[in-house]
file my_file-v3.cif (mmCIF, C-alpha atoms)
data_structure
#
loop_
_atom_site.label_atom_id
_atom_site.label_comp_id
_atom_site.auth_asym_id
_atom_site.auth_seq_id
_atom_site.Cartn_x
_atom_site.Cartn_y
_atom_site.Cartn_z
CA MET A 227 -2.91 -8.53 10.86
CA LEU A 228 -3.40 -9.18 7.16
CA MET A 229 -6.78 -7.51 7.31
CA ALA A 230 -5.22 -4.50 8.96
CA MET A 231 -2.67 -4.35 6.18
CA ALA A 232 -5.27 -4.79 3.51
CA LEU A 233 -7.62 -2.13 4.77
CA PRO A 234 -6.79 1.46 4.05
CA HIS A 235 -6.11 3.50 7.18
CA HIS A 236 -9.32 5.49 7.02
CA LEU A 237 -11.43 2.35 7.06
CA SER A 238 -9.68 0.64 9.92
CA ALA A 239 -9.03 3.84 11.93
CA GLN A 240 -12.63 4.79 12.53
CA LYS A 241 -13.86 1.29 13.28
CA ASP A 242 -11.85 1.12 16.51
CA LEU A 243 -13.95 3.96 17.92
CA GLN A 244 -17.22 3.73 19.79
CA ILE A 245 -18.72 6.52 17.71
CA SER A 246 -18.62 4.25 14.67
CA LYS A 247 -21.64 2.56 16.28
CA VAL A 248 -23.54 5.84 16.12
CA PHE A 249 -23.08 5.94 12.34
CA ASP A 250 -24.02 2.28 12.03
CA LEU A 251 -27.10 2.47 14.25
CA TYR A 252 -28.60 5.83 13.33
CA GLY A 253 -27.18 6.60 9.87
CA LYS A 254 -30.10 5.36 7.84
CA LYS A 255 -32.95 6.36 10.16
CA LYS A 256 -35.66 8.92 9.56
CA GLY A 257 -34.83 12.37 10.81
CA VAL A 258 -31.13 11.67 10.36
CA THR A 259 -28.63 12.95 7.82
CA MET A 260 -25.38 11.04 7.48
CA VAL A 261 -22.56 12.04 5.16
CA GLU A 262 -19.37 10.30 4.16
CA LEU A 263 -16.72 11.85 1.95
CA SER A 264 -13.25 10.54 1.28
CA GLY A 265 -10.37 10.63 -1.17
CA GLU A 266 -10.38 13.12 -4.01
CA MET A 267 -13.83 14.37 -2.99
CA LEU A 268 -12.07 16.19 -0.15
CA GLY A 269 -9.12 17.46 -2.15
CA ASP A 270 -9.75 21.12 -1.31
CA TYR A 271 -9.81 20.44 2.42
CA ASN A 272 -6.71 18.27 2.86
CA LEU A 273 -8.87 15.74 4.64
CA SER A 274 -8.74 12.05 3.94
CA LEU A 275 -12.07 11.21 5.56
CA PHE A 276 -15.09 13.20 6.61
CA LYS A 277 -18.06 11.57 8.30
CA SER A 278 -20.91 13.40 9.86
CA ILE A 279 -24.30 12.62 11.29
CA VAL A 280 -27.04 15.03 12.27
CA ILE A 281 -29.80 13.51 14.39
CA ASN A 282 -33.03 15.36 15.02
CA ASN A 283 -35.39 14.84 17.91
CA ASP A 284 -34.02 11.63 19.38
CA PRO A 285 -33.06 11.99 23.05
CA THR A 286 -31.91 8.37 23.34
CA ALA A 287 -29.40 9.02 20.57
CA GLY A 288 -27.96 11.86 22.67
CA ASP A 289 -27.37 9.53 25.62
CA PHE A 290 -25.86 6.93 23.36
CA ILE A 291 -23.48 9.39 21.68
CA ARG A 292 -22.32 10.77 25.06
CA LYS A 293 -21.55 7.23 26.26
CA CYS A 294 -19.56 6.56 23.10
CA LEU A 295 -17.70 9.85 23.50
CA ASP A 296 -16.86 8.99 27.12
CA LYS A 297 -15.09 5.87 25.93
CA ASP A 298 -13.41 7.52 22.95
CA GLN A 299 -12.12 10.29 25.22
CA GLU A 300 -9.75 7.83 26.88
CA GLY A 301 -6.31 8.66 25.54
CA ALA A 302 -7.67 11.55 23.52
CA LYS A 303 -6.90 15.22 23.93
CA LYS A 304 -9.79 17.55 24.67
CA VAL A 305 -9.33 20.55 22.39
CA LYS A 306 -12.56 22.13 23.53
CA GLN A 307 -15.49 21.30 25.79
CA VAL A 308 -18.59 23.29 26.58
CA ILE A 309 -21.04 22.20 29.26
CA SER A 310 -24.33 24.02 29.22
CA SER A 311 -26.81 23.64 32.09
CA GLY A 312 -24.96 20.52 33.18
CA ASN A 313 -25.20 18.91 29.76
CA LEU A 314 -22.43 18.41 27.24
CA SER A 315 -23.02 20.97 24.56
CA THR A 316 -19.84 20.90 22.48
CA ILE A 317 -16.72 18.79 22.49
CA ILE A 318 -13.76 18.61 20.16
CA LEU A 319 -11.44 15.65 20.70
CA GLN A 320 -8.08 14.99 19.15
CA LEU A 321 -7.65 11.23 19.08
CA PRO A 322 -4.32 9.44 19.24
CA HIS A 323 -2.64 9.34 15.84
CA LYS A 324 -3.32 6.41 13.60
CA GLY A 325 -0.19 6.07 11.55
CA ARG A 326 0.42 9.60 10.28
CA LEU A 327 -3.26 10.49 10.45
CA ASN A 328 -4.65 13.15 12.75
CA ARG A 329 -8.13 12.22 13.87
CA LEU A 330 -10.75 14.51 15.30
CA ILE A 331 -14.20 14.08 16.74
CA LEU A 332 -16.50 17.10 16.90
CA TYR A 333 -19.81 16.97 18.68
CA ASN A 334 -22.50 19.53 19.29
CA ALA A 335 -25.94 19.36 20.85
CA THR A 336 -28.35 22.28 20.66
CA SER A 337 -29.45 23.68 24.00
CA SER A 338 -32.81 21.96 23.66
CA GLY A 339 -31.07 18.73 22.70
CA TYR A 340 -33.26 18.60 19.63
CA LYS A 341 -30.40 18.51 17.17
CA LEU A 342 -27.26 16.44 17.67
CA THR A 343 -24.28 16.72 15.35
CA LEU A 344 -21.33 14.39 15.34
CA VAL A 345 -18.39 14.73 12.95
CA TYR A 346 -15.37 12.50 12.51
CA LEU A 347 -12.36 13.75 10.53
CA GLU A 348 -9.07 12.31 9.39
CA SER A 349 -6.26 14.35 7.92
CA HIS A 350 -2.51 14.49 7.57
CA ASP A 351 -2.67 18.18 8.48
CA ASP A 352 -2.27 19.64 11.97
CA VAL A 353 -5.36 19.89 14.14
CA ASP A 354 -5.41 23.70 14.21
CA ASP A 355 -5.00 23.81 10.43
CA ILE A 356 -7.92 21.43 9.99
CA LEU A 357 -10.21 23.47 12.21
CA ASN A 358 -9.20 26.78 10.69
CA LEU A 359 -9.52 25.44 7.16
CA LEU A 360 -13.02 24.19 7.79
CA LEU A 361 -14.02 27.61 9.05
CA LYS A 362 -12.43 29.45 6.14
CA LYS A 363 -14.21 27.25 3.64
CA LYS A 364 -17.58 27.95 5.17
CA MET B 291 48.10 -68.05 -3.45
CA ASP B 292 44.87 -66.28 -2.82
CA LYS B 293 45.13 -62.95 -1.17
CA ILE B 294 42.77 -62.27 1.68
CA MET B 295 40.36 -59.41 1.17
CA GLN B 296 38.28 -57.84 3.80
CA LEU B 297 34.74 -56.64 3.63
CA PHE B 298 34.46 -53.56 5.73
CA SER B 299 30.74 -53.70 6.27
CA ASN B 300 30.59 -56.63 8.65
CA HIS B 301 34.26 -57.58 8.95
CA LYS B 302 33.74 -60.57 6.71
CA ILE B 303 36.82 -61.83 4.95
CA ILE B 304 36.71 -63.07 1.39
CA SER B 305 39.45 -64.45 -0.80
CA THR B 306 40.45 -62.91 -4.14
CA LYS B 307 38.93 -65.98 -5.75
CA GLU B 308 35.61 -65.21 -4.14
CA ALA B 309 36.00 -61.59 -5.13
CA ASP B 310 36.71 -62.62 -8.73
CA ALA B 311 33.65 -64.84 -8.72
CA LEU B 312 31.56 -62.00 -7.39
CA LEU B 313 32.91 -59.66 -10.05
CA GLU B 314 32.20 -62.16 -12.79
CA LYS B 315 28.67 -62.57 -11.52
CA TYR B 316 28.36 -58.79 -11.42
CA TYR B 317 29.49 -58.33 -15.03
CA GLU B 318 27.07 -61.04 -16.12
CA GLY B 319 24.33 -59.15 -14.33
CA PHE B 320 23.38 -61.86 -11.86
CA THR B 321 24.37 -60.22 -8.60
CA SER B 322 21.79 -59.40 -5.99
CA ALA B 323 21.63 -55.97 -4.38
CA GLU B 324 23.35 -57.30 -1.27
CA GLU B 325 26.16 -58.89 -3.35
CA GLU B 326 26.62 -55.63 -5.22
CA ARG B 327 26.88 -53.80 -1.94
CA GLN B 328 29.52 -56.30 -0.72
CA LEU B 329 31.47 -55.97 -3.94
CA TYR B 330 31.34 -52.22 -3.71
CA LEU B 331 32.78 -52.38 -0.18
CA VAL B 332 35.54 -54.73 -1.28
CA LEU B 333 36.56 -52.43 -4.09
CA LEU B 334 36.51 -49.43 -1.78
CA GLN B 335 39.26 -50.68 0.50
CA PRO B 336 42.42 -48.54 0.42
CA ASP B 337 45.01 -51.27 -0.21
CA LEU B 338 43.14 -52.72 -3.18
CA PRO B 339 45.41 -54.75 -5.49
CA GLU B 340 46.29 -53.11 -8.80
CA ARG B 341 44.33 -55.66 -10.88
CA TYR B 342 41.05 -54.49 -9.29
CA GLN B 343 41.56 -50.79 -10.02
CA ALA B 344 39.72 -51.00 -13.33
CA ASP B 345 36.83 -52.80 -11.61
CA ARG B 346 36.74 -50.14 -8.92
CA ALA B 347 36.62 -47.43 -11.58
CA MET B 348 33.83 -49.24 -13.39
CA MET B 349 31.87 -49.86 -10.19
CA GLY B 350 32.36 -46.26 -9.13
CA TYR B 351 31.12 -45.07 -12.50
CA PHE B 352 27.98 -47.17 -12.35
CA ALA B 353 27.38 -46.27 -8.74
CA GLY B 354 27.67 -42.61 -9.69
CA GLU B 355 25.39 -43.11 -12.67
CA LYS B 356 22.81 -44.79 -10.46
CA GLN B 357 22.91 -41.85 -8.13
CA ALA B 358 22.60 -39.46 -11.05
CA GLY B 359 19.73 -41.46 -12.48
CA LYS B 360 17.70 -41.03 -9.31
CA PRO B 361 15.41 -38.03 -9.35
CA LYS B 362 17.01 -35.54 -7.03
CA LYS B 363 14.78 -34.21 -4.37
CA ASN B 364 15.45 -30.53 -4.17
CA ARG B 365 14.83 -30.01 -0.52
CA THR B 366 15.69 -26.36 -0.31
CA ILE B 367 14.71 -24.74 -3.57
CA ILE B 368 11.18 -26.17 -3.90
CA PRO B 369 9.99 -25.06 -0.44
CA MET B 370 11.54 -21.66 -1.04
CA ILE B 371 9.72 -21.32 -4.35
CA ARG B 372 6.53 -22.53 -2.72
CA TRP B 373 6.77 -20.03 0.13
CA ALA B 374 7.80 -17.26 -2.23
CA SER B 375 4.72 -17.92 -4.37
CA VAL B 376 2.47 -17.93 -1.29
CA ALA B 377 4.02 -14.67 -0.10
CA ALA B 378 3.72 -13.13 -3.56
CA ALA B 379 0.07 -14.18 -3.77
CA LEU B 380 -0.65 -12.72 -0.33
CA ILE B 381 1.09 -9.43 -1.08
CA GLY B 382 -0.68 -9.27 -4.44
CA GLY B 383 -3.99 -9.93 -2.68
CA ILE B 384 -3.35 -7.21 -0.12
CA PHE B 385 -2.51 -4.66 -2.80
CA LEU B 386 -5.53 -5.71 -4.84
CA VAL B 387 -7.89 -5.31 -1.87
CA ARG B 388 -6.30 -1.96 -0.98
CA SER B 389 -6.54 -0.67 -4.51
CA LEU B 390 -10.14 -1.86 -4.87
CA ILE B 391 -11.13 -0.05 -1.70
CA GLU B 392 -8.89 2.99 -1.97
CA GLU B 393 -9.59 3.81 -5.56
CA LYS B 394 -13.23 4.34 -4.74
CA PRO B 395 -13.51 7.67 -3.01
CA GLN B 396 -16.66 7.70 -0.95
CA CYS B 397 -19.22 10.38 -1.57
CA TYR B 398 -22.69 9.73 -0.30
CA ALA B 399 -25.26 10.87 2.17
CA TYR B 400 -28.31 9.32 3.74
CA VAL B 401 -31.12 11.79 4.27
CA ASP B 402 -34.05 10.29 6.15
CA GLY B 403 -32.83 6.84 5.10
CA VAL B 404 -32.61 7.73 1.40
CA LYS B 405 -29.22 7.49 -0.23
CA VAL B 406 -27.97 10.57 -2.06
CA THR B 407 -24.92 10.41 -4.32
CA ASP B 408 -25.04 13.78 -6.00
CA VAL B 409 -21.66 15.35 -5.18
CA ALA B 410 -22.95 18.89 -4.76
CA THR B 411 -25.76 17.79 -2.45
CA VAL B 412 -23.46 15.59 -0.37
CA LYS B 413 -20.92 18.40 0.01
CA ALA B 414 -23.68 20.82 0.97
CA GLU B 415 -24.89 18.39 3.64
CA ALA B 416 -21.31 18.04 4.91
CA MET B 417 -20.92 21.80 5.19
CA GLN B 418 -24.29 22.05 6.90
CA SER B 419 -23.20 19.55 9.58
CA ILE B 420 -19.96 21.47 10.14
CA SER B 421 -21.85 24.71 10.48
CA GLU B 422 -23.96 23.10 13.21
CA ILE B 423 -20.81 22.63 15.26
CA ALA B 424 -19.17 25.89 14.39
CA SER B 425 -22.26 27.99 14.97
CA ASP B 426 -19.89 30.76 15.88
CA PRO B 427 -16.81 30.60 13.61
CA ASP B 428 -14.76 32.50 16.15
CA GLU B 429 -15.52 29.83 18.71
CA VAL B 430 -13.71 27.10 16.79
CA ALA B 431 -10.97 29.46 15.69
CA GLN B 432 -10.48 30.23 19.36
CA ALA B 433 -10.27 26.51 20.11
CA ALA B 434 -7.67 26.05 17.40
CA LYS B 435 -5.64 28.95 18.75
CA GLN B 436 -5.92 27.64 22.26
CA PHE B 437 -4.83 24.21 21.10
CA LYS B 438 -1.74 25.68 19.45
CA ALA B 439 -0.93 27.69 22.59
CA GLU B 440 -1.21 24.57 24.73
CA GLU B 441 1.18 22.75 22.41
CA ILE B 442 3.73 25.59 22.64
CA VAL B 443 3.55 25.66 26.45
CA LYS B 444 3.86 21.88 26.58
CA ASP B 445 6.91 21.96 24.28
CA GLN B 446 8.58 24.65 26.34
CA LEU B 447 7.92 22.89 29.63
CA SER B 448 9.24 19.60 28.31
CA VAL B 449 12.75 21.11 28.53
CA PHE B 450 12.43 21.04 32.34
CA SER B 451 10.93 17.57 32.54
CA GLY B 452 14.14 16.10 31.15
CA ASN B 453 12.31 14.12 28.39
#

call {"tool": "encode", "arguments": {"input": "my_file-v3.cif", "output": "C-alpha coordinates"}}
result
Amino acid sequence: MLMAMALPHHLSAQKDLQISKVFDLYGKKKGVTMVELSGEMLGDYNLSLFKSIVINNDPTAGDFIRKCLDKDQEGAKKVKQVISSGNLSTIILQLPHKGRLNRLILYNATSSGYKLTLVYLESHDDVDDILNLLLKKK
Amino acid sequence: MDKIMQLFSNHKIISTKEADALLEKYYEGFTSAEEERQLYLVLLQPDLPERYQADRAMMGYFAGEKQAGKPKKNRTIIPMIRWASVAAALIGGIFLVRSLIEEKPQCYAYVDGVKVTDVATVKAEAMQSISEIASDPDEVAQAAKQFKAEEIVKDQLSVFSGN
(Lines of atoms letter the chains of each structure in order from A and count residues from 1; the text may use other names and numbers.)
(Lines give C-alpha, C1' and ligand atoms only; values in the text may rest on other atoms or scores of the structure.)
Protein backbone atom coordinates (compact mmCIF):
# COMPACT_ATOMS: atom_id res chain seq x y z
CA MET A 1 0.00 0.00 0.00
CA LEU A 2 2.82 2.35 0.90
CA MET A 3 4.51 1.59 -2.39
CA ALA A 4 1.30 2.40 -4.21
CA MET A 5 1.13 5.70 -2.38
CA ALA A 6 4.74 6.45 -3.04
CA LEU A 7 4.66 5.74 -6.73
CA PRO A 8 3.19 8.34 -9.03
CA HIS A 9 0.06 7.16 -10.82
CA HIS A 10 1.69 6.87 -14.22
CA LEU A 11 4.30 4.47 -12.92
CA SER A 12 1.97 2.19 -11.04
CA ALA A 13 -0.89 2.41 -13.60
CA GLN A 14 0.93 0.88 -16.52
CA LYS A 15 2.63 -1.88 -14.55
CA ASP A 16 -0.68 -3.61 -13.84
CA LEU A 17 -1.10 -4.25 -17.56
CA GLN A 18 0.15 -7.18 -19.57
CA ILE A 19 1.44 -4.89 -22.30
CA SER A 20 4.06 -3.57 -19.88
CA LYS A 21 5.82 -6.88 -20.53
CA VAL A 22 6.06 -6.01 -24.22
CA PHE A 23 7.99 -2.84 -23.37
CA ASP A 24 10.19 -4.73 -20.92
CA LEU A 25 10.93 -7.66 -23.22
CA TYR A 26 11.32 -5.99 -26.61
CA GLY A 27 12.14 -2.35 -25.80
CA LYS A 28 15.88 -2.59 -26.12
CA LYS A 29 16.11 -5.12 -28.95
CA LYS A 30 17.45 -4.59 -32.45
CA GLY A 31 14.83 -3.59 -34.97
CA VAL A 32 12.76 -2.01 -32.22
CA THR A 33 12.07 1.62 -31.36
CA MET A 34 10.69 2.35 -27.92
CA VAL A 35 9.73 5.81 -26.70
CA GLU A 36 8.74 7.11 -23.30
CA LEU A 37 7.64 10.67 -22.64
CA SER A 38 6.09 12.04 -19.49
CA GLY A 39 5.52 15.19 -17.49
CA GLU A 40 6.32 18.56 -19.00
CA MET A 41 7.68 16.91 -22.15
CA LEU A 42 4.05 16.30 -23.10
CA GLY A 43 2.72 19.69 -22.08
CA ASP A 44 1.30 20.50 -25.52
CA TYR A 45 -0.66 17.27 -25.68
CA ASN A 46 -2.32 17.22 -22.24
CA LEU A 47 -0.95 13.73 -21.76
CA SER A 48 0.74 12.59 -18.60
CA LEU A 49 2.41 9.54 -20.12
CA PHE A 50 3.17 8.39 -23.62
CA LYS A 51 4.84 5.06 -24.30
CA SER A 52 5.22 3.50 -27.68
CA ILE A 53 7.03 0.60 -29.24
CA VAL A 54 7.48 -0.18 -32.91
CA ILE A 55 8.70 -3.70 -33.64
CA ASN A 56 9.91 -4.68 -37.08
CA ASN A 57 10.01 -8.16 -38.52
CA ASP A 58 9.34 -10.23 -35.42
CA PRO A 59 6.30 -12.51 -35.81
CA THR A 60 6.65 -13.95 -32.30
CA ALA A 61 6.31 -10.44 -30.91
CA GLY A 62 2.99 -10.12 -32.73
CA ASP A 63 1.63 -13.25 -31.05
CA PHE A 64 2.90 -12.09 -27.70
CA ILE A 65 1.33 -8.63 -28.02
CA ARG A 66 -2.04 -10.10 -29.06
CA LYS A 67 -2.01 -12.38 -26.00
CA CYS A 68 -1.25 -9.41 -23.77
CA LEU A 69 -4.01 -7.38 -25.42
CA ASP A 70 -6.49 -10.24 -24.89
CA LYS A 71 -5.87 -10.04 -21.16
CA ASP A 72 -5.85 -6.24 -21.00
CA GLN A 73 -9.15 -6.15 -22.89
CA GLU A 74 -10.92 -7.60 -19.85
CA GLY A 75 -12.84 -4.72 -18.31
CA ALA A 76 -11.71 -2.37 -21.06
CA LYS A 77 -13.85 -0.63 -23.63
CA LYS A 78 -13.13 -1.32 -27.27
CA VAL A 79 -13.17 2.05 -29.02
CA LYS A 80 -12.17 0.54 -32.34
CA GLN A 81 -11.17 -2.83 -33.74
CA VAL A 82 -10.20 -3.82 -37.24
CA ILE A 83 -9.70 -7.44 -38.24
CA SER A 84 -8.02 -7.94 -41.57
CA SER A 85 -7.88 -11.39 -43.18
CA GLY A 86 -8.70 -12.92 -39.82
CA ASN A 87 -5.86 -11.13 -38.06
CA LEU A 88 -6.10 -8.24 -35.64
CA SER A 89 -5.00 -5.21 -37.55
CA THR A 90 -5.95 -2.29 -35.32
CA ILE A 91 -7.38 -1.97 -31.85
CA ILE A 92 -7.98 1.00 -29.60
CA LEU A 93 -8.85 0.16 -26.00
CA GLN A 94 -10.04 2.47 -23.28
CA LEU A 95 -8.92 0.93 -20.00
CA PRO A 96 -10.70 1.37 -16.69
CA HIS A 97 -9.78 4.67 -15.06
CA LYS A 98 -6.86 4.74 -12.70
CA GLY A 99 -7.71 7.48 -10.28
CA ARG A 100 -8.66 10.39 -12.53
CA LEU A 101 -6.51 9.12 -15.38
CA ASN A 102 -7.89 8.01 -18.71
CA ARG A 103 -5.78 5.23 -20.14
CA LEU A 104 -5.64 4.10 -23.73
CA ILE A 105 -3.93 1.32 -25.61
CA LEU A 106 -3.52 1.66 -29.37
CA TYR A 107 -2.22 -1.19 -31.48
CA ASN A 108 -1.63 -1.58 -35.16
CA ALA A 109 -0.10 -4.32 -37.27
CA THR A 110 0.65 -3.81 -40.95
CA SER A 111 -1.12 -6.21 -43.30
CA SER A 112 2.09 -8.18 -43.77
CA GLY A 113 2.63 -8.22 -40.02
CA TYR A 114 6.08 -6.82 -40.62
CA LYS A 115 5.59 -3.75 -38.48
CA LEU A 116 3.84 -3.79 -35.13
CA THR A 117 3.04 -0.60 -33.24
CA LEU A 118 1.83 -0.45 -29.68
CA VAL A 119 1.08 2.80 -27.85
CA TYR A 120 0.04 3.36 -24.26
CA LEU A 121 -1.33 6.76 -23.20
CA GLU A 122 -2.43 8.35 -19.96
CA SER A 123 -4.27 11.63 -19.73
CA HIS A 124 -6.75 13.56 -17.65
CA ASP A 125 -8.55 14.52 -20.86
CA ASP A 126 -11.48 12.68 -22.42
CA VAL A 127 -10.72 9.81 -24.77
CA ASP A 128 -12.12 11.53 -27.87
CA ASP A 129 -10.16 14.68 -27.05
CA ILE A 130 -6.96 12.67 -26.73
CA LEU A 131 -7.45 10.94 -30.07
CA ASN A 132 -8.45 14.10 -31.88
CA LEU A 133 -5.59 16.07 -30.36
CA LEU A 134 -3.04 13.52 -31.46
CA LEU A 135 -4.36 13.73 -35.00
CA LYS A 136 -4.39 17.53 -35.05
CA LYS A 137 -0.82 17.67 -33.87
CA LYS A 138 0.37 15.40 -36.61
CA MET B 1 -5.37 4.57 79.37
CA ASP B 2 -4.13 3.56 76.00
CA LYS B 3 -6.54 3.96 73.18
CA ILE B 4 -6.86 1.07 70.79
CA MET B 5 -5.91 1.80 67.21
CA GLN B 6 -6.62 -0.38 64.30
CA LEU B 7 -4.46 -1.18 61.35
CA PHE B 8 -6.66 -1.47 58.35
CA SER B 9 -4.32 -3.52 56.24
CA ASN B 10 -4.58 -6.81 58.08
CA HIS B 11 -7.00 -5.95 60.89
CA LYS B 12 -4.18 -5.83 63.39
CA ILE B 13 -4.81 -3.77 66.46
CA ILE B 14 -2.12 -1.64 68.03
CA SER B 15 -2.21 0.56 71.09
CA THR B 16 -1.46 4.30 71.01
CA LYS B 17 1.72 3.46 72.89
CA GLU B 18 2.80 1.17 70.09
CA ALA B 19 1.79 3.81 67.58
CA ASP B 20 3.85 6.41 69.45
CA ALA B 21 6.83 4.07 69.49
CA LEU B 22 6.45 3.50 65.78
CA LEU B 23 6.25 7.22 65.15
CA GLU B 24 9.34 7.88 67.22
CA LYS B 25 11.20 5.21 65.31
CA TYR B 26 9.96 6.78 62.09
CA TYR B 27 11.19 10.27 63.00
CA GLU B 28 14.55 8.82 63.99
CA GLY B 29 14.70 7.17 60.60
CA PHE B 30 14.87 3.57 61.79
CA THR B 31 11.59 2.24 60.46
CA SER B 32 11.52 -0.48 57.87
CA ALA B 33 9.40 -0.19 54.74
CA GLU B 34 6.79 -2.50 56.24
CA GLU B 35 6.66 -0.45 59.49
CA GLU B 36 6.27 2.73 57.46
CA ARG B 37 3.43 1.16 55.57
CA GLN B 38 1.74 0.15 58.86
CA LEU B 39 2.19 3.62 60.28
CA TYR B 40 0.77 5.16 57.15
CA LEU B 41 -2.33 2.95 57.49
CA VAL B 42 -2.74 3.86 61.14
CA LEU B 43 -2.60 7.55 60.37
CA LEU B 44 -5.07 7.16 57.53
CA GLN B 45 -7.93 5.96 59.70
CA PRO B 46 -10.89 8.37 59.80
CA ASP B 47 -11.34 8.66 63.58
CA LEU B 48 -7.68 9.48 64.21
CA PRO B 49 -7.13 11.28 67.53
CA GLU B 50 -6.34 14.99 67.31
CA ARG B 51 -2.77 14.57 68.60
CA TYR B 52 -1.85 12.51 65.50
CA GLN B 53 -3.13 15.03 62.96
CA ALA B 54 0.26 16.72 62.66
CA ASP B 55 1.91 13.32 62.15
CA ARG B 56 -0.63 12.45 59.49
CA ALA B 57 0.07 15.74 57.72
CA MET B 58 3.80 15.11 57.90
CA MET B 59 3.47 11.52 56.72
CA GLY B 60 1.16 12.59 53.92
CA TYR B 61 3.63 15.24 52.86
CA PHE B 62 6.52 12.81 52.72
CA ALA B 63 4.43 10.18 51.02
CA GLY B 64 3.46 12.77 48.42
CA GLU B 65 7.05 13.88 48.04
CA LYS B 66 8.15 10.29 47.53
CA GLN B 67 5.58 9.91 44.81
CA ALA B 68 6.69 13.17 43.24
CA GLY B 69 10.32 12.13 43.46
CA LYS B 70 9.67 9.01 41.39
CA PRO B 71 10.20 9.49 37.68
CA LYS B 72 6.75 9.54 36.19
CA LYS B 73 6.22 7.16 33.38
CA ASN B 74 4.28 9.03 30.78
CA ARG B 75 2.30 6.18 29.37
CA THR B 76 0.23 8.10 26.89
CA ILE B 77 2.30 10.97 25.61
CA ILE B 78 5.52 9.07 24.80
CA PRO B 79 3.84 6.41 22.61
CA MET B 80 1.87 9.13 20.88
CA ILE B 81 5.03 11.08 20.16
CA ARG B 82 6.74 7.90 19.02
CA TRP B 83 3.92 6.98 16.64
CA ALA B 84 3.61 10.54 15.43
CA SER B 85 7.32 10.59 14.58
CA VAL B 86 7.04 7.25 12.76
CA ALA B 87 4.02 8.52 10.82
CA ALA B 88 5.77 11.80 10.02
CA ALA B 89 8.86 9.93 8.82
CA LEU B 90 6.73 7.65 6.63
CA ILE B 91 4.76 10.51 5.12
CA GLY B 92 7.98 12.44 4.57
CA GLY B 93 9.49 9.38 2.91
CA ILE B 94 6.49 8.94 0.63
CA PHE B 95 6.59 12.57 -0.46
CA LEU B 96 10.33 12.39 -0.98
CA VAL B 97 10.05 9.28 -3.17
CA ARG B 98 7.16 10.83 -5.11
CA SER B 99 8.99 14.08 -5.65
CA LEU B 100 12.19 12.27 -6.69
CA ILE B 101 10.29 10.25 -9.27
CA GLU B 102 7.77 12.84 -10.38
CA GLU B 103 10.13 15.72 -10.80
CA LYS B 104 12.00 13.79 -13.45
CA PRO B 105 9.93 13.90 -16.59
CA GLN B 106 10.89 10.99 -18.78
CA CYS B 107 12.08 11.65 -22.27
CA TYR B 108 14.00 8.90 -23.95
CA ALA B 109 13.89 6.43 -26.78
CA TYR B 110 15.65 3.21 -27.55
CA VAL B 111 16.40 2.77 -31.22
CA ASP B 112 17.88 -0.63 -32.03
CA GLY B 113 18.92 -0.92 -28.38
CA VAL B 114 20.68 2.45 -28.32
CA LYS B 115 19.38 5.04 -25.90
CA VAL B 116 18.48 8.43 -27.33
CA THR B 117 17.76 11.39 -25.07
CA ASP B 118 17.62 14.23 -27.54
CA VAL B 119 14.16 15.76 -27.01
CA ALA B 120 13.52 16.57 -30.66
CA THR B 121 14.50 13.06 -31.80
CA VAL B 122 12.42 11.39 -29.08
CA LYS B 123 9.37 13.49 -29.96
CA ALA B 124 9.85 12.72 -33.64
CA GLU B 125 9.97 9.00 -32.86
CA ALA B 126 6.81 9.35 -30.75
CA MET B 127 4.98 11.07 -33.60
CA GLN B 128 6.22 8.45 -36.02
CA SER B 129 4.75 5.65 -33.87
CA ILE B 130 1.41 7.49 -33.66
CA SER B 131 1.35 7.96 -37.40
CA GLU B 132 1.77 4.19 -37.79
CA ILE B 133 -1.52 3.71 -35.98
CA ALA B 134 -3.35 6.61 -37.50
CA SER B 135 -2.28 5.85 -41.05
CA ASP B 136 -5.53 7.45 -42.08
CA PRO B 137 -6.26 10.43 -39.80
CA ASP B 138 -9.95 10.22 -40.60
CA GLU B 139 -9.99 6.65 -39.34
CA VAL B 140 -9.09 7.62 -35.78
CA ALA B 141 -11.23 10.74 -35.92
CA GLN B 142 -14.08 8.47 -36.91
CA ALA B 143 -13.31 6.23 -33.93
CA ALA B 144 -13.33 9.20 -31.60
CA LYS B 145 -16.64 10.38 -33.01
CA GLN B 146 -18.10 6.93 -32.73
CA PHE B 147 -16.91 6.67 -29.16
CA LYS B 148 -18.62 9.94 -28.28
CA ALA B 149 -21.84 8.80 -29.98
CA GLU B 150 -21.79 5.56 -28.02
CA GLU B 151 -21.39 7.50 -24.79
CA ILE B 152 -24.38 9.74 -25.65
CA VAL B 153 -26.59 6.74 -26.49
CA LYS B 154 -25.50 4.99 -23.29
CA ASP B 155 -26.28 8.10 -21.21
CA GLN B 156 -29.70 8.47 -22.78
CA LEU B 157 -30.58 4.82 -22.33
CA SER B 158 -29.50 4.85 -18.70
CA VAL B 159 -32.66 6.87 -17.95
CA PHE B 160 -34.72 3.75 -18.75
CA SER B 161 -32.51 1.33 -16.86
CA GLY B 162 -33.39 3.07 -13.60
CA ASN B 163 -29.70 3.50 -12.57

call {"tool": "interface_residues", "arguments": {"input": "my_file-v3.cif", "of": "chain A", "to": "chain B", "cutoff": "9 Å", "atoms": "all atoms listed in the file", "output": "PyMOL selection string"}}
result
chain A and resi 228-229+231-234+253-267+275-280+305-306+316+318+332-336+341-345+353-358+360-364

call {"tool": "atom_distance", "arguments": {"input": "my_file-v3.cif", "atom1": "CA of Ser349 in chain A", "atom2": "CA of Val248 in chain A"}}
result
20.9 Å

call {"tool": "closest_residue", "arguments": {"input": "my_file-v3.cif", "among": "A:Leu273, A:Leu268, A:Ile245, A:Ile331", "to": "Asp351 in chain A", "atoms": "only C-alpha atoms"}}
result
A:Leu273

call {"tool": "atom_distance", "arguments": {"input": "my_file-v3.cif", "atom1": "CA of Glu318 in chain B", "atom2": "CA of Ala344 in chain B"}}
result
16.4 Å

call {"tool": "atom_distance", "arguments": {"input": "my_file-v3.cif", "atom1": "CA of Gly339 in chain A", "atom2": "CA of Val308 in chain A"}}
result
13.8 Å

call {"tool": "closest_residue", "arguments": {"input": "my_file-v3.cif", "among": "A:Arg326, A:Ser315, A:Phe249, A:Leu321", "to": "Arg292 in chain A", "atoms": "all atoms listed in the file"}}
result
A:Ser315

call {"tool": "resolve_selection", "arguments": {"input": "my_file-v3.cif", "expression": "the PyMOL selection byres ((chain A and resi 327-329) around 6)", "output": "ChimeraX atom specification"}}
result
/A:320-321,323-326,330,347-350

call {"tool": "resolve_selection", "arguments": {"input": "my_file-v3.cif", "expression": "the PyMOL selection byres ((chain B and resi 313) around 12)", "output": "PyMOL selection string"}}
result
chain B and resi 306-312+314-322+325-330+332-333+342+344-346+348-349

call {"tool": "residues_around", "arguments": {"input": "my_file-v3.cif", "residues": "Leu295 in chain A", "least_positions_apart": "4", "cutoff": "8 Å", "atoms": "all atoms listed in the file", "output": "list of chain:residue names"}}
result
A:Gln244, A:Ile245, A:Ile291, A:Gln299

call {"tool": "axis_aligned_box", "arguments": {"input": "my_file-v3.cif", "around": "range 298-315 of chain A", "padding_each_side": "3 Å", "output": "lines of an AutoDock Vina configuration file"}}
result
center_x = -16.6
center_y = 15.8
center_z = 27.8
size_x = 26.5
size_y = 22.5
size_z = 16.8

call {"tool": "resolve_selection", "arguments": {"input": "my_file-v3.cif", "expression": "the PyMOL selection byres ((chain A and resi 243) around 9)", "output": "number ranges by chain"}}
result
A: 239-242, 244-247, 294-295, 297-298
